[in-house]
Amino acid sequence: MFGTLGLPELLIILAIVILIFGVNKLPRLGKGLGEGIRNFKDSVKSGGDEPDDTDSTKKTDPVEPK
């Protein structure tokens, strides 16, 4: 029932995606998806040994009042 996807099925899926997101948002969605995949691959290659700079749980030195 859910075998292979042929060209007609892929065209229908593409048309539905264009209707939902619009033509203007598709490049941004593709770029965001590509960056996410690239970041995931980089983190898998590094093994997660490096600390993440965007960690929101980092403690910073408190600012002393003047």
# chains A, B, ... in the order shown; residues from 1 in each chain; ligands from 1

$ select_by_dssp --residues "stretch 5-53 of chain A" --states "alpha helix (DSSP H)" --output "number ranges by chain"
A: 7-21, 26-46

$ write_last_selection --atoms "C-alpha atoms" --output "CSV table (one decimal), in the first residue's frame"
chain,number,residue,atom,x,y,z
A,7,LEU,CA,6.9,11.2,-9.9
A,8,PRO,CA,3.1,11.9,-9.7
A,9,GLU,CA,3.0,11.4,-6.0
A,10,LEU,CA,6.1,13.6,-5.4
A,11,LEU,CA,4.6,16.4,-7.6
A,12,ILE,CA,1.4,16.2,-5.5
A,13,ILE,CA,3.3,16.5,-2.3
A,14,LEU,CA,5.3,19.4,-3.7
A,15,ALA,CA,2.1,21.2,-4.7
A,16,ILE,CA,0.6,20.7,-1.2
A,17,VAL,CA,3.8,22.1,0.4
A,18,ILE,CA,3.8,25.1,-1.9
A,19,LEU,CA,0.1,25.7,-1.1
A,20,ILE,CA,0.8,25.5,2.7
A,21,PHE,CA,4.0,27.5,3.0
A,26,LEU,CA,10.4,27.7,0.7
A,27,PRO,CA,14.0,29.0,0.3
A,28,ARG,CA,14.1,30.0,4.0
A,29,LEU,CA,12.7,26.6,5.0
A,30,GLY,CA,15.3,24.8,2.9
A,31,LYS,CA,18.1,26.9,4.2
A,32,GLY,CA,17.0,26.3,7.8
A,33,LEU,CA,16.7,22.6,7.2
A,34,GLY,CA,20.1,22.4,5.6
A,35,GLU,CA,21.7,24.3,8.5
A,36,GLY,CA,20.1,22.0,11.0
A,37,ILE,CA,21.3,18.9,9.2
A,38,ARG,CA,24.8,20.3,8.9
A,39,ASN,CA,24.9,21.2,12.6
A,40,PHE,CA,23.7,17.7,13.5
A,41,LYS,CA,26.3,16.1,11.3
A,42,ASP,CA,29.1,18.3,12.9
A,43,SER,CA,28.0,17.4,16.4
A,44,VAL,CA,27.9,13.7,15.6
A,45,LYS,CA,31.4,13.9,14.0
A,46,SER,CA,32.8,15.7,17.0
